[in-house]
Amino acid sequence: MEKEITIIWKDLSEELFMFILNKVKDEQSAKDIHQEVFIKVMTNIHQLKQLSRLTSWIYQITRNSIIDHFRGIQKKQDISVAEIELPVLESNNFDYSRLSHCINQKINALSQKHKEAIVLTTFQNYSQIELAAHLKISYSGTKSRVQTAKKILKETILDCPNVTSDKTGKILDFKKNDF
């Protein structure tokens with residue numbers, strides 16, 4: 001089967017590259033995506049149940065890789081954390097609004113590096129891998145920063161008025177009558 005895949009890949013390779021280039025309009029990005037597709041095909045070929053569907057399967061992987069590429073560009077554009085508005089949901093509910101305000105204040109009080117970690121992963125949906133690339137630090141360093149930021153934020157949120165937590169610090173509820 002590997003021999004057949006190699007033959008099909010050789011036949012498809014140039015056509016596939018042109019397909020990618022036509023979509024992304026950047027030769028280097030097209031080369032990167034083309035290489036990613038090749039790697040995905042070779043590592044996931046065992047999932048293909050019918051060899052007759054190989055070409056359509058490869059094109060589906062290619063389309064998904066192109067979509068991932070554009071999502072990555074959109075997310076990775078330089079974002080200033082200061083420009084991101086923290087959400088205040090259910091503003092017609094006064095108690096919830098005050099709790100939200102308190103949480104937002106606690107986020108804003110974090111150090112810049114911890115605030116950035118929380119805001120980008122929570123509100124901008126960055127994965128920790130994407131955050132690592134954005135911050136230009138290692139993945140393990142990013143994981144540690146996000147965990148530390150969450151821990152600090154949790155500890156400070158417990159200081160918010162009307163927040164109820166259990167013995168372990170798990171936030172259970174907030175009371176409405178103490179304002």
# chains A, B, ... in the order shown; residues from 1 in each chain; ligands from 1
$ residues_around --residues "A:Phe38" --least-positions-apart "4" --cutoff "12 Å" --atoms "only C-alpha atoms" --output "list in words"
Ile5, Thr6, Ile8, Trp9, Lys10, Leu12, Ser13, Leu16, Phe17, Lys31, Asp32, Ile33, His34, Met42, Thr43, Asn44, Ile45, Trp57, Ile58, Tyr59, Ile61, Thr62 and Ser65 of chain A
$ closest_residue --among "A:Val146, A:Ile66, A:Lys3, A:Leu54" --to "A:Val24" --atoms "only C-alpha atoms"
A:Ile66
$ atom_distance --atom1 "atom CA of A:Ile152" --atom2 "atom CA of A:Thr122"
14.9 Å
$ closest_residue --among "A:Ile67, A:Ile157, A:Ile137, A:Leu131" --to "A:Ile107" --atoms "only C-alpha atoms"
A:Ile157
$ residues_around --residues "A:His114" --least-positions-apart "3" --cutoff "10 Å" --atoms "only C-alpha atoms" --output "PyMOL selection string"
chain A and resi 107-111+117-119+145-150+152-153
$ atom_distance --atom1 "atom CA of A:Leu120" --atom2 "atom CA of A:Glu27"
29.5 Å
$ atom_distance --atom1 "atom CA of A:Glu15" --atom2 "atom CA of A:Phe70"
20.6 Å
$ closest_residue --among "A:Ile103, A:Leu135, A:Ala30, A:Val41" --to "A:Thr55" --atoms "only C-alpha atoms"
A:Val41
